[in-house]
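Participant: Please find final_36.cif (mmCIF, C-alpha atoms (C1' of nucleotides)) on the next line:
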```cif
data_structure
loop_
_atom_site.label_atom_id
_atom_site.label_comp_id
_atom_site.auth_asym_id
_atom_site.auth_seq_id
_atom_site.Cartn_x
_atom_site.Cartn_y
_atom_site.Cartn_z
CA MET P 19 -26.06 -13.87 -42.68
CA ARG P 20 -22.53 -14.46 -41.47
CA ILE P 21 -20.35 -12.05 -39.53
CA GLY P 22 -18.44 -10.76 -42.55
CA GLU P 23 -21.59 -9.82 -44.41
CA LEU P 24 -23.11 -8.13 -41.36
CA ALA P 25 -19.89 -6.21 -40.79
CA GLU P 26 -19.68 -5.00 -44.36
CA ARG P 27 -23.36 -4.04 -44.51
CA GLN P 28 -23.11 -1.98 -41.35
CA GLY P 29 -19.67 -0.58 -41.98
CA VAL P 30 -17.91 -2.08 -38.99
CA THR P 31 -15.19 -4.69 -38.65
CA THR P 32 -15.77 -8.30 -37.63
CA LYS P 33 -13.44 -7.52 -34.74
CA ALA P 34 -15.81 -4.84 -33.49
CA ILE P 35 -18.83 -7.16 -33.73
CA ARG P 36 -17.10 -9.87 -31.69
CA PHE P 37 -16.00 -7.17 -29.25
CA TYR P 38 -19.57 -5.90 -28.84
CA GLU P 39 -20.67 -9.47 -28.22
CA SER P 40 -17.93 -9.96 -25.63
CA ILE P 41 -19.08 -6.94 -23.61
CA GLY P 42 -22.75 -7.93 -23.88
CA LEU P 43 -23.76 -5.18 -26.25
CA LEU P 44 -24.83 -7.69 -28.86
CA PRO P 45 -26.48 -10.95 -27.80
CA ASP P 46 -24.82 -14.29 -28.42
CA PRO P 47 -25.91 -15.05 -31.96
CA GLU P 48 -27.30 -18.25 -33.39
CA ARG P 49 -24.72 -20.58 -34.78
CA THR P 50 -24.70 -22.66 -37.92
CA PRO P 51 -24.05 -26.39 -37.41
CA SER P 52 -20.41 -25.66 -38.21
CA GLY P 53 -20.18 -22.98 -35.54
CA TYR P 54 -20.36 -19.85 -37.68
CA ARG P 55 -22.24 -16.92 -36.20
CA ALA P 56 -25.58 -16.49 -37.95
CA TYR P 57 -27.22 -13.07 -37.85
CA GLY P 58 -30.63 -11.82 -38.91
CA GLU P 59 -32.20 -8.46 -39.63
CA VAL P 60 -32.78 -7.85 -35.92
CA ASP P 61 -29.04 -7.93 -35.34
CA ALA P 62 -28.40 -5.58 -38.22
CA GLU P 63 -30.91 -3.13 -36.76
CA ARG P 64 -29.36 -3.40 -33.32
CA LEU P 65 -25.94 -2.73 -34.75
CA ALA P 66 -27.35 0.25 -36.64
CA PHE P 67 -28.83 1.53 -33.40
CA ILE P 68 -25.49 1.17 -31.64
CA LYS P 69 -23.77 3.10 -34.40
CA THR P 70 -26.37 5.87 -34.26
CA ALA P 71 -26.15 6.21 -30.52
CA GLN P 72 -22.38 6.26 -30.79
CA ARG P 73 -22.57 9.01 -33.37
CA LEU P 74 -24.70 10.93 -30.87
CA GLY P 75 -21.76 10.74 -28.50
CA LEU P 76 -23.04 8.04 -26.16
CA SER P 77 -20.51 5.62 -24.72
CA LEU P 78 -20.90 1.90 -25.25
CA ASP P 79 -21.80 1.70 -21.58
CA GLU P 80 -24.65 4.19 -21.94
CA ILE P 81 -25.85 2.40 -25.04
CA LYS P 82 -25.79 -0.84 -23.10
CA GLY P 83 -28.03 0.78 -20.49
CA ILE P 84 -30.55 1.86 -23.09
CA ILE P 85 -30.57 -1.53 -24.75
CA ALA P 86 -31.05 -3.18 -21.35
CA PHE P 87 -34.35 -1.31 -21.02
CA ARG P 88 -35.39 -2.57 -24.41
CA ASP P 89 -34.46 -6.10 -23.51
CA ARG P 90 -36.47 -5.92 -20.28
CA GLY P 91 -39.44 -4.71 -22.32
CA GLU P 92 -39.47 -1.41 -20.44
CA GLN P 93 -39.79 2.05 -21.93
CA PRO P 94 -36.36 3.63 -21.93
CA CYS P 95 -37.73 7.08 -22.87
CA GLY P 96 -37.14 8.68 -19.50
CA TYR P 97 -33.68 7.24 -19.26
CA VAL P 98 -32.87 8.22 -22.81
CA ALA P 99 -34.07 11.76 -22.17
CA ASP P 100 -31.80 11.93 -19.12
CA VAL P 101 -28.81 10.68 -21.05
CA LEU P 102 -29.48 13.10 -23.87
CA ARG P 103 -29.91 16.04 -21.50
CA ARG P 104 -26.58 15.27 -19.86
CA GLN P 105 -25.02 14.93 -23.29
CA VAL P 106 -26.30 18.32 -24.38
CA SER P 107 -25.02 20.21 -21.35
CA ASP P 108 -21.73 18.39 -21.64
CA LEU P 109 -21.44 19.46 -25.25
CA ASP P 110 -22.35 23.05 -24.37
CA ARG P 111 -19.59 23.13 -21.80
CA ARG P 112 -17.04 21.59 -24.11
CA ILE P 113 -17.96 23.98 -26.93
CA ARG P 114 -17.45 26.94 -24.62
CA GLU P 115 -14.08 25.61 -23.49
CA MET P 116 -12.96 24.95 -27.03
CA ARG P 117 -13.96 28.38 -28.22
CA ALA P 118 -12.01 30.05 -25.42
CA LEU P 119 -9.02 27.84 -26.17
CA ARG P 120 -9.21 28.49 -29.88
CA ASP P 121 -9.28 32.23 -29.36
CA GLU P 122 -6.25 32.02 -27.12
CA LEU P 123 -4.41 29.86 -29.65
CA ARG P 124 -5.21 32.24 -32.48
CA HIS P 125 -3.72 35.01 -30.43
CA LEU P 126 -0.56 33.05 -29.70
CA GLU P 127 -0.22 31.80 -33.23
CA ALA P 128 -0.49 35.31 -34.64
CA ARG P 129 2.38 36.31 -32.41
CA ALA P 130 4.39 33.23 -33.37
CA SER P 131 3.97 33.99 -37.09
CA GLY P 132 4.63 37.70 -36.64
CA GLY P 133 7.98 37.03 -35.09
CA GLU P 134 8.01 40.24 -33.08
CA GLY P 135 7.97 40.33 -29.34
CA PRO P 136 10.48 40.72 -26.56
CA ALA P 137 13.85 39.00 -26.59
CA SER P 138 13.68 35.45 -25.25
CA THR P 139 15.99 32.62 -24.45
CA TYR P 140 14.40 30.09 -26.77
CA CYS P 141 11.24 31.32 -28.41
CA ALA P 142 8.98 34.28 -27.72
CA VAL P 143 5.86 32.21 -28.15
CA ILE P 144 6.89 29.69 -25.56
CA GLU P 145 8.07 32.28 -23.12
CA HIS P 146 4.81 34.11 -23.61
CA VAL P 147 2.73 31.04 -22.92
CA HIS P 148 4.92 30.51 -19.96
CA LEU P 149 4.37 33.96 -18.57
CA GLU P 150 0.65 33.96 -19.21
CA ASP P 151 0.32 30.63 -17.52
CA ARG P 152 2.26 31.72 -14.47
CA ALA P 153 0.30 34.96 -14.32
CA SER P 154 -3.02 33.13 -14.37
CA GLU P 155 -2.11 30.87 -11.48
CA MET R 11 13.13 18.85 -3.72
CA ARG R 12 11.56 15.42 -3.76
CA ILE R 13 8.87 14.17 -6.12
CA GLY R 14 6.02 14.80 -3.70
CA GLU R 15 6.90 18.44 -3.21
CA LEU R 16 7.33 19.02 -6.93
CA ALA R 17 4.01 17.34 -7.59
CA GLU R 18 2.15 19.42 -5.04
CA ARG R 19 3.76 22.67 -6.14
CA GLN R 20 2.81 22.10 -9.76
CA GLY R 21 -0.55 20.54 -9.08
CA VAL R 22 0.13 17.14 -10.60
CA THR R 23 0.45 13.66 -9.11
CA THR R 24 3.71 11.88 -8.47
CA LYS R 25 2.39 9.20 -10.76
CA ALA R 26 2.15 11.69 -13.60
CA ILE R 27 5.71 12.89 -13.01
CA ARG R 28 7.08 9.36 -13.13
CA PHE R 29 4.99 8.76 -16.22
CA TYR R 30 6.41 11.85 -17.95
CA GLU R 31 9.87 10.63 -17.08
CA SER R 32 9.12 7.17 -18.48
CA ILE R 33 8.11 8.61 -21.86
CA GLY R 34 11.07 10.96 -21.98
CA LEU R 35 9.10 14.15 -21.43
CA LEU R 36 11.06 14.87 -18.26
CA PRO R 37 14.75 14.00 -18.01
CA ASP R 38 15.98 11.36 -15.60
CA PRO R 39 16.43 13.34 -12.40
CA GLU R 40 19.28 13.34 -9.93
CA ARG R 41 18.94 10.82 -7.13
CA THR R 42 19.67 11.09 -3.43
CA PRO R 43 21.98 8.42 -1.97
CA SER R 44 18.89 6.47 -0.96
CA GLY R 45 17.49 6.56 -4.49
CA TYR R 46 14.87 9.28 -4.11
CA ARG R 47 14.36 11.55 -7.12
CA ALA R 48 15.80 15.04 -6.50
CA TYR R 49 14.41 17.93 -8.53
CA GLY R 50 15.37 21.58 -8.96
CA GLU R 51 13.73 24.75 -10.25
CA VAL R 52 14.49 23.86 -13.85
CA ASP R 53 12.34 20.78 -13.50
CA ALA R 54 9.51 22.77 -11.95
CA GLU R 55 9.61 25.18 -14.90
CA ARG R 56 9.62 22.37 -17.38
CA LEU R 57 6.65 20.79 -15.69
CA ALA R 58 4.84 24.13 -15.71
CA PHE R 59 5.54 24.40 -19.42
CA ILE R 60 4.14 20.94 -20.01
CA LYS R 61 0.98 21.83 -18.12
CA THR R 62 0.51 25.03 -20.09
CA ALA R 63 1.00 23.33 -23.41
CA GLN R 64 -1.42 20.64 -22.34
CA ARG R 65 -4.00 23.21 -21.39
CA LEU R 66 -3.61 24.57 -24.93
CA GLY R 67 -4.70 21.17 -26.18
CA LEU R 68 -1.32 19.85 -27.30
CA SER R 69 -0.68 16.15 -26.89
CA LEU R 70 2.26 14.94 -24.85
CA ASP R 71 3.83 13.88 -28.12
CA GLU R 72 3.58 17.37 -29.56
CA ILE R 73 4.95 18.84 -26.35
CA LYS R 74 7.81 16.39 -26.55
CA GLY R 75 8.54 17.68 -30.03
CA ILE R 76 8.67 21.27 -28.85
CA ILE R 77 10.87 20.41 -25.89
CA ALA R 78 13.19 18.51 -28.19
CA PHE R 79 13.86 21.77 -30.07
CA ARG R 80 14.62 23.47 -26.80
CA ASP R 81 16.96 20.70 -25.79
CA ARG R 82 18.80 20.91 -29.09
CA GLY R 83 19.13 24.64 -28.57
CA GLU R 84 17.09 25.41 -31.68
CA GLN R 85 14.29 27.91 -31.99
CA PRO R 86 11.01 26.03 -31.97
CA CYS R 87 8.95 29.10 -33.02
CA GLY R 88 8.20 27.89 -36.54
CA TYR R 89 7.30 24.45 -35.30
CA VAL R 90 5.18 25.88 -32.50
CA ALA R 91 3.33 28.13 -34.94
CA ASP R 92 2.61 25.09 -37.12
CA VAL R 93 1.32 23.08 -34.20
CA LEU R 94 -0.86 25.95 -33.04
CA ARG R 95 -2.28 26.51 -36.53
CA ARG R 96 -3.22 22.85 -36.78
CA GLN R 97 -4.72 23.03 -33.32
CA VAL R 98 -6.91 25.98 -34.24
CA SER R 99 -8.34 24.42 -37.37
CA ASP R 100 -8.85 21.17 -35.52
CA LEU R 101 -10.78 23.01 -32.82
CA ASP R 102 -12.86 24.85 -35.42
CA ARG R 103 -13.83 21.58 -36.99
CA ARG R 104 -14.65 19.95 -33.68
CA ILE R 105 -16.71 22.91 -32.55
CA ARG R 106 -18.76 22.72 -35.74
CA GLU R 107 -19.31 18.98 -35.26
CA MET R 108 -20.29 19.41 -31.66
CA ARG R 109 -22.73 22.18 -32.42
CA ALA R 110 -24.45 20.09 -35.06
CA LEU R 111 -24.60 17.15 -32.69
CA ARG R 112 -25.89 19.25 -29.82
CA ASP R 113 -28.67 20.68 -31.97
CA GLU R 114 -29.69 17.20 -33.03
CA LEU R 115 -29.65 15.99 -29.43
CA ARG R 116 -31.73 18.94 -28.24
CA HIS R 117 -34.27 18.09 -30.88
CA LEU R 118 -34.42 14.46 -29.81
CA GLU R 119 -34.44 15.26 -26.13
CA ALA R 120 -37.33 17.67 -26.53
CA ARG R 121 -39.29 14.89 -28.15
CA ALA R 122 -38.29 12.43 -25.44
CA SER R 123 -39.48 14.79 -22.71
CA GLY R 124 -42.67 15.71 -24.57
CA GLY R 125 -43.75 12.12 -24.76
CA GLU R 126 -45.81 12.64 -27.87
CA GLY R 127 -45.02 11.11 -31.19
CA PRO R 128 -46.15 8.11 -33.16
CA ALA R 129 -46.84 4.75 -31.57
CA SER R 130 -43.67 2.69 -31.18
CA THR R 131 -42.63 -0.73 -30.08
CA TYR R 132 -40.28 0.42 -27.34
CA CYS R 133 -39.76 4.15 -27.26
CA ALA R 134 -40.53 6.88 -29.74
CA VAL R 135 -37.15 8.53 -29.21
CA ILE R 136 -35.23 5.45 -30.06
CA GLU R 137 -37.34 4.61 -33.05
CA HIS R 138 -36.94 8.19 -34.21
CA VAL R 139 -33.19 8.07 -33.91
CA HIS R 140 -33.40 4.83 -35.74
CA LEU R 141 -35.41 6.25 -38.59
CA GLU R 142 -33.34 9.39 -38.93
CA ASP R 143 -30.21 7.37 -39.00
CA ARG R 144 -31.49 5.03 -41.68
CA ALA R 145 -32.79 7.99 -43.68
CA SER R 146 -29.38 9.67 -43.60
CA GLU R 147 -27.57 6.62 -44.88
"C1'" DA D 3 10.96 0.44 18.74
"C1'" DT D 4 7.35 1.90 16.04
"C1'" DA D 5 4.06 4.75 13.66
"C1'" DT D 6 3.56 7.43 9.64
"C1'" DA D 7 4.58 9.56 5.68
"C1'" DC D 8 7.14 9.32 1.93
"C1'" DC D 9 9.73 6.97 -1.46
"C1'" DT D 10 11.05 2.87 -4.85
"C1'" DT D 11 9.79 -0.55 -8.67
"C1'" DC D 12 6.60 -3.17 -11.30
"C1'" DC D 13 2.14 -4.84 -12.97
"C1'" DA D 14 -2.51 -4.24 -14.20
"C1'" DC D 15 -6.33 -1.32 -15.65
"C1'" DT D 16 -9.12 2.27 -18.02
"C1'" DA D 17 -12.38 3.32 -23.58
"C1'" DA D 18 -13.03 1.45 -27.70
"C1'" DG D 19 -11.35 -0.96 -30.19
"C1'" DG D 20 -7.21 -1.72 -34.18
"C1'" DG D 21 -3.85 -4.82 -35.75
"C1'" DG D 22 -1.67 -8.95 -36.34
"C1'" DG D 23 -0.95 -13.75 -35.94
"C1'" DA D 24 -1.33 -18.84 -34.75
"C1'" DA D 25 -3.68 -22.94 -35.51
"C1'" DG D 26 -7.38 -24.84 -37.15
"C1'" DG D 27 -12.33 -25.72 -39.34
"C1'" DT D 28 -15.54 -25.05 -43.44
"C1'" DC D 29 -17.46 -23.99 -47.85
"C1'" DA D 30 -17.62 -23.30 -52.77
"C1'" DA D 31 -15.56 -23.62 -57.24
"C1'" DG D 32 -12.54 -25.61 -60.64
"C1'" DC C 13 -8.24 -32.76 -54.56
"C1'" DT C 14 -6.82 -28.49 -53.85
"C1'" DT C 15 -7.08 -23.54 -53.56
"C1'" DG C 16 -8.85 -19.47 -51.59
"C1'" DA C 17 -12.00 -17.12 -48.96
"C1'" DC C 18 -14.25 -17.21 -45.04
"C1'" DC C 19 -14.92 -18.61 -40.31
"C1'" DT C 20 -13.51 -20.24 -35.18
"C1'" DT C 21 -10.90 -19.34 -30.62
"C1'" DC C 22 -7.08 -17.58 -28.38
"C1'" DC C 23 -3.20 -14.72 -27.89
"C1'" DC C 24 -0.48 -10.53 -27.50
"C1'" DC C 25 0.69 -5.67 -28.33
"C1'" DC C 26 -0.70 -0.71 -29.52
"C1'" DT C 27 -3.12 3.76 -28.69
"C1'" DT C 28 -3.95 8.50 -24.47
"C1'" DA C 29 -2.74 10.10 -20.25
"C1'" DG C 30 -2.40 8.56 -16.73
"C1'" DT C 31 -4.53 5.88 -11.97
"C1'" DG C 32 -4.42 2.20 -8.58
"C1'" DG C 33 -2.33 -1.23 -5.87
"C1'" DA C 34 1.31 -4.47 -4.04
"C1'" DA C 35 5.65 -5.27 -1.93
"C1'" DG C 36 9.27 -3.28 0.03
"C1'" DG C 37 12.86 0.59 1.36
"C1'" DT C 38 13.71 5.23 3.87
"C1'" DA C 39 13.17 9.34 6.85
"C1'" DT C 40 11.57 11.44 10.88
"C1'" DA C 41 9.26 12.06 15.17
"C1'" DT C 42 7.82 10.07 19.34
#
```
Please go through the file and, once you have read it, give me the structure as structure tokens.

Facilitator:
Amino acid sequence: MRIGELAERQGVTTKAIRFYESIGLLPDPERTPSGYRAYGEVDAERLAFIKTAQRLGLSLDEIKGIIAFRDRGEQPCGYVADVLRRQVSDLDRRIREMRALRDELRHLEARASGGEGPASTYCAVIEHVHLEDRASE
Amino acid sequence: MRIGELAERQGVTTKAIRFYESIGLLPDPERTPSGYRAYGEVDAERLAFIKTAQRLGLSLDEIKGIIAFRDRGEQPCGYVADVLRRQVSDLDRRIREMRALRDELRHLEARASGGEGPASTYCAVIEHVHLEDRASE
DNA sequence: ATATACCTTCCACTAAGGGGGAAGGTCAAG
DNA sequence: CTTGACCTTCCCCCTTAGTGGAAGGTATAT
């Protein structure tokens, strides 16, 4: 299959496929006599794997590492488990941060909508953020 | 005060300050006869405001919008409330996505550590991800 | 006079591509 | 034979929020 068909089947752009090839994430494909890239099912599966791993939050660099194990014929399980563990604790941390931030924003936004608050030069919300920030330093 | 002092006082790099200036987030500062940037308290406060807003998850572009109100002498409260509301719902969505992803990763990682699972060509974890991905399409 | 610390400008780089175009080759149908 | 869709390489610019370095100017202390 040619690049356009592969791209459409896997829901990516031809640009992305050539980009993955350029960074070594996809192997140099076969070529037709006229120079067109020719892909097979293996390539489609690899692209699907890349997309899955990306959906799991892995960077293209991490994915490249996992695929390198595959290509060397080694078992990437240990490495994958490591990557996933790091990913999970990273997500836990980010979720905690976001929750704290969201709660703070809700608070501020309620005040901004309410319109009450002390007199301020420009806007009570901004001054408030200002003060809270300076107080927390 | 010179750029280095301002940077250290506010906990940013001189690079960041010049960058903010280049995108119009900070005004072009006064210059000493030798061409050094000369800042005052107003600039320090503005930088503090930028940092606070950034900590609240606003992009430099959004911050620029808020500052523009200030600079026009208008009350940015309504605009700020809008931005904050959007920020909250955005965070809610992202927290939900991250939680779902984290749960999926924990599941996978537990399997990767366990080592059990069906026979696979390379690694059970990867094949599993593979299968789940294809099943969800 | 020189060491150093600080400042200036400008250019390139990051992740992960998106977007567009130029200039050309190829393949199928009508 | 030509049209249109597809492909090739190469090129440059855009995004976020800066970071890093090079080449050179300035301030201050010794």

Participant: Translate the PyMOL selection byres ((chain D) within 9 of (chain P)) into a concrete residue list for this structure, as number ranges by chain.

Facilitator: D: 17-20, 27-28

Participant: So what does the PyMOL selection byres ((chain C) within 9 of (chain R)) actually pick up in this one, as a PyMOL selection string?

Facilitator: chain C and resi 28-31+37-38

Participant: Least-squares align chain R to chain P using all Cα atoms paired by position, then dump the moved coordinates as a compact mmCIF listing (two decimals) with C-alpha atoms, keeping the file's coordinate frame.

Facilitator:
```txt
# COMPACT_ATOMS: atom_id res chain seq x y z
CA MET R 11 -25.63 -13.90 -42.61
CA ARG R 12 -22.06 -14.20 -41.43
CA ILE R 13 -20.07 -11.63 -39.49
CA GLY R 14 -18.32 -10.23 -42.55
CA GLU R 15 -21.54 -9.49 -44.38
CA LEU R 16 -23.12 -7.90 -41.32
CA ALA R 17 -20.02 -5.79 -40.81
CA GLU R 18 -19.95 -4.56 -44.38
CA ARG R 19 -23.67 -3.85 -44.49
CA GLN R 20 -23.52 -1.75 -41.34
CA GLY R 21 -20.18 -0.16 -42.05
CA VAL R 22 -18.30 -1.53 -39.07
CA THR R 23 -15.44 -4.01 -38.73
CA THR R 24 -15.82 -7.61 -37.70
CA LYS R 25 -13.51 -6.77 -34.85
CA ALA R 26 -15.96 -4.19 -33.57
CA ILE R 27 -18.84 -6.67 -33.75
CA ARG R 28 -16.93 -9.26 -31.74
CA PHE R 29 -15.97 -6.53 -29.32
CA TYR R 30 -19.60 -5.46 -28.85
CA GLU R 31 -20.48 -9.07 -28.22
CA SER R 32 -17.69 -9.42 -25.66
CA ILE R 33 -19.01 -6.48 -23.63
CA GLY R 34 -22.59 -7.66 -23.85
CA LEU R 35 -23.78 -4.95 -26.22
CA LEU R 36 -24.74 -7.56 -28.80
CA PRO R 37 -26.17 -10.92 -27.74
CA ASP R 38 -24.28 -14.13 -28.34
CA PRO R 39 -25.33 -15.03 -31.87
CA GLU R 40 -26.42 -18.34 -33.31
CA ARG R 41 -23.61 -20.46 -34.69
CA THR R 42 -23.38 -22.57 -37.82
CA PRO R 43 -22.32 -26.20 -37.34
CA SER R 44 -18.76 -25.14 -38.09
CA GLY R 45 -18.84 -22.44 -35.43
CA TYR R 46 -19.32 -19.36 -37.60
CA ARG R 47 -21.49 -16.60 -36.13
CA ALA R 48 -24.89 -16.42 -37.87
CA TYR R 49 -26.80 -13.14 -37.74
CA GLY R 50 -30.29 -12.06 -38.76
CA GLU R 51 -32.09 -8.79 -39.45
CA VAL R 52 -32.69 -8.16 -35.77
CA ASP R 53 -28.96 -8.04 -35.22
CA ALA R 54 -28.48 -5.65 -38.13
CA GLU R 55 -31.10 -3.32 -36.63
CA ARG R 56 -29.51 -3.48 -33.24
CA LEU R 57 -26.15 -2.65 -34.72
CA ALA R 58 -27.68 0.26 -36.62
CA PHE R 59 -29.17 1.50 -33.37
CA ILE R 60 -25.81 1.29 -31.67
CA LYS R 61 -24.20 3.29 -34.46
CA THR R 62 -26.87 5.97 -34.29
CA ALA R 63 -26.62 6.32 -30.56
CA GLN R 64 -22.86 6.50 -30.87
CA ARG R 65 -23.12 9.22 -33.46
CA LEU R 66 -25.24 11.12 -30.91
CA GLY R 67 -22.25 11.00 -28.59
CA LEU R 68 -23.47 8.30 -26.22
CA SER R 69 -20.88 5.96 -24.77
CA LEU R 70 -21.19 2.23 -25.28
CA ASP R 71 -22.05 2.00 -21.61
CA GLU R 72 -24.95 4.41 -21.98
CA ILE R 73 -26.14 2.57 -25.07
CA LYS R 74 -25.96 -0.65 -23.11
CA GLY R 75 -28.21 0.92 -20.51
CA ILE R 76 -30.79 1.90 -23.09
CA ILE R 77 -30.72 -1.51 -24.73
CA ALA R 78 -31.15 -3.13 -21.34
CA PHE R 79 -34.51 -1.34 -21.00
CA ARG R 80 -35.50 -2.63 -24.39
CA ASP R 81 -34.49 -6.13 -23.47
CA ARG R 82 -36.51 -5.98 -20.27
CA GLY R 83 -39.47 -4.80 -22.29
CA GLU R 84 -39.60 -1.48 -20.45
CA GLN R 85 -39.97 1.94 -21.97
CA PRO R 86 -36.59 3.63 -21.95
CA CYS R 87 -38.01 7.07 -22.90
CA GLY R 88 -37.46 8.68 -19.51
CA TYR R 89 -33.97 7.28 -19.27
CA VAL R 90 -33.18 8.31 -22.84
CA ALA R 91 -34.41 11.84 -22.18
CA ASP R 92 -32.15 12.01 -19.12
CA VAL R 93 -29.15 10.80 -21.06
CA LEU R 94 -29.82 13.25 -23.87
CA ARG R 95 -30.24 16.16 -21.45
CA ARG R 96 -26.91 15.36 -19.84
CA GLN R 97 -25.36 15.05 -23.26
CA VAL R 98 -26.58 18.48 -24.31
CA SER R 99 -25.27 20.29 -21.27
CA ASP R 100 -22.01 18.39 -21.54
CA LEU R 101 -21.68 19.50 -25.15
CA ASP R 102 -22.49 23.10 -24.23
CA ARG R 103 -19.76 23.09 -21.66
CA ARG R 104 -17.24 21.51 -23.99
CA ILE R 105 -18.06 23.92 -26.78
CA ARG R 106 -17.46 26.85 -24.44
CA GLU R 107 -14.12 25.38 -23.33
CA MET R 108 -13.04 24.72 -26.86
CA ARG R 109 -13.93 28.19 -28.03
CA ALA R 110 -11.93 29.77 -25.24
CA LEU R 111 -9.00 27.50 -26.01
CA ARG R 112 -9.20 28.15 -29.73
CA ASP R 113 -9.18 31.91 -29.19
CA GLU R 114 -6.14 31.61 -26.98
CA LEU R 115 -4.38 29.42 -29.53
CA ARG R 116 -5.17 31.82 -32.38
CA HIS R 117 -3.64 34.59 -30.34
CA LEU R 118 -0.48 32.59 -29.68
CA GLU R 119 -0.23 31.32 -33.22
CA ALA R 120 -0.50 34.81 -34.64
CA ARG R 121 2.43 35.81 -32.49
CA ALA R 122 4.38 32.72 -33.49
CA SER R 123 3.89 33.47 -37.18
CA GLY R 124 4.61 37.18 -36.76
CA GLY R 125 7.98 36.49 -35.26
CA GLU R 126 8.06 39.71 -33.31
CA GLY R 127 8.00 39.91 -29.57
CA PRO R 128 10.53 40.32 -26.82
CA ALA R 129 13.91 38.63 -26.86
CA SER R 130 13.74 35.08 -25.52
CA THR R 131 16.04 32.25 -24.69
CA TYR R 132 14.42 29.72 -27.00
CA CYS R 133 11.24 30.96 -28.60
CA ALA R 134 8.99 33.89 -27.86
CA VAL R 135 5.86 31.78 -28.23
CA ILE R 136 6.92 29.29 -25.66
CA GLU R 137 8.11 31.89 -23.22
CA HIS R 138 4.82 33.70 -23.71
CA VAL R 139 2.79 30.62 -23.01
CA HIS R 140 4.99 30.15 -20.04
CA LEU R 141 4.40 33.61 -18.70
CA GLU R 142 0.67 33.57 -19.30
CA ASP R 143 0.39 30.28 -17.59
CA ARG R 144 2.33 31.42 -14.55
CA ALA R 145 0.32 34.65 -14.45
CA SER R 146 -2.96 32.73 -14.44
CA GLU R 147 -1.96 30.54 -11.54
```

Participant: Interatomic distance between atom CA of R:Ala110 and atom CA of P:Leu44?

Facilitator: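 Those two atoms sit 28.5 Å apart.
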
Participant: Apply the PyMOL selection byres ((chain C and resi 18) around 9) to the structure shown and report the selected residues as a list in words.

Facilitator: Gly22 of chain P; DT28 and DC29 of chain D; DG16, DA17 and DC19 of chain C

Participant: Of the residues P:Arg64, P:Gly83, P:Leu43, P:Arg36, which is the one nearest to chain R, using all atoms listed in the file?

Facilitator: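 Among the listed residues, the smallest separation from chain R belongs to P:Arg64.
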
Participant: For R:Arg106, find every residue with an atom within 12 Å (counting only C-alpha atoms (C1' of nucleotides)), except residues of its own chain fewer than 3 positions away, and show them as a VMD selection string.

Facilitator: (chain P and resid 109 to 110 112 to 114 116 to 117) or (chain R and resid 99 to 103 109 to 113)

Participant: Those residues with C-alpha atoms, as a PDB file, in the coordinates of the input please?

Facilitator:
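Printed below is result_4.pdb as written:
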```pdb
ATOM      1  CA  LEU P 109     -21.440  19.460 -25.250  1.00  0.00           C
ATOM      2  CA  ASP P 110     -22.350  23.050 -24.370  1.00  0.00           C
ATOM      3  CA  ARG P 112     -17.040  21.590 -24.110  1.00  0.00           C
ATOM      4  CA  ILE P 113     -17.960  23.980 -26.930  1.00  0.00           C
ATOM      5  CA  ARG P 114     -17.450  26.940 -24.620  1.00  0.00           C
ATOM      6  CA  MET P 116     -12.960  24.950 -27.030  1.00  0.00           C
ATOM      7  CA  ARG P 117     -13.960  28.380 -28.220  1.00  0.00           C
TER       8      ARG P 117
ATOM      9  CA  SER R  99      -8.340  24.420 -37.370  1.00  0.00           C
ATOM     10  CA  ASP R 100      -8.850  21.170 -35.520  1.00  0.00           C
ATOM     11  CA  LEU R 101     -10.780  23.010 -32.820  1.00  0.00           C
ATOM     12  CA  ASP R 102     -12.860  24.850 -35.420  1.00  0.00           C
ATOM     13  CA  ARG R 103     -13.830  21.580 -36.990  1.00  0.00           C
ATOM     14  CA  ARG R 109     -22.730  22.180 -32.420  1.00  0.00           C
ATOM     15  CA  ALA R 110     -24.450  20.090 -35.060  1.00  0.00           C
ATOM     16  CA  LEU R 111     -24.600  17.150 -32.690  1.00  0.00           C
ATOM     17  CA  ARG R 112     -25.890  19.250 -29.820  1.00  0.00           C
ATOM     18  CA  ASP R 113     -28.670  20.680 -31.970  1.00  0.00           C
TER      19      ASP R 113
END
```

Participant: I'd like the contact shell of P:Asp100 - 12 Å cut-off, all atoms listed in the file, skipping same-chain residues fewer than 2 positions apart - returned as a list in words.

Facilitator: Leu76, Glu80, Gly83, Ile84, Pro94, Cys95, Gly96, Tyr97, Val98, Leu102, Arg103, Arg104, Gln105, Val106 and Ser107 of chain P; Leu115, Arg116, Leu118, Glu119, Ala120, Ala122, Ser123 and Val135 of chain R

Participant: I'd like to know which of R:Arg41, R:Leu57, R:Gly34, R:Gly50 is closest to R:Gly21, using all atoms listed in the file.

Facilitator: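 Smallest distance to R:Gly21 is found for R:Leu57.
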
Participant: Work out how far atom C1' of C:DT27 is from atom CA of R:Glu31, in Å to one decimal.

Facilitator: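 Separating atom CA of R:Glu31 from atom C1' of C:DT27 is a distance of 18.7 Å.
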
Participant: What is the distance, in Å and to one decimal place, between atom C1' of C:DC25 and atom C1' of D:DG23?

Facilitator: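 About the pair atom C1' of C:DC25 and atom C1' of D:DG23: they are 11.2 Å apart.
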
Participant: What lies within 12 Å of C:DG36 using all atoms listed in the file, ignoring chain neighbours under 5 positions off, as a list in words?

Facilitator: DC9, DT10, DT11 and DC12 of chain D

Participant: Which residues are close to C:DT40, i.e. within 12 Å by only C-alpha atoms (C1' of nucleotides), leaving aside same-chain residues fewer than 3 positions away? Reply as a ChimeraX atom specification.

Facilitator: /D:4-8

Participant: Which residue out of P:Arg90, P:Val60, P:Leu74, P:Glu26 has the minimum interatomic distance to chain R when all atoms listed in the file are used?

Facilitator: P:Leu74
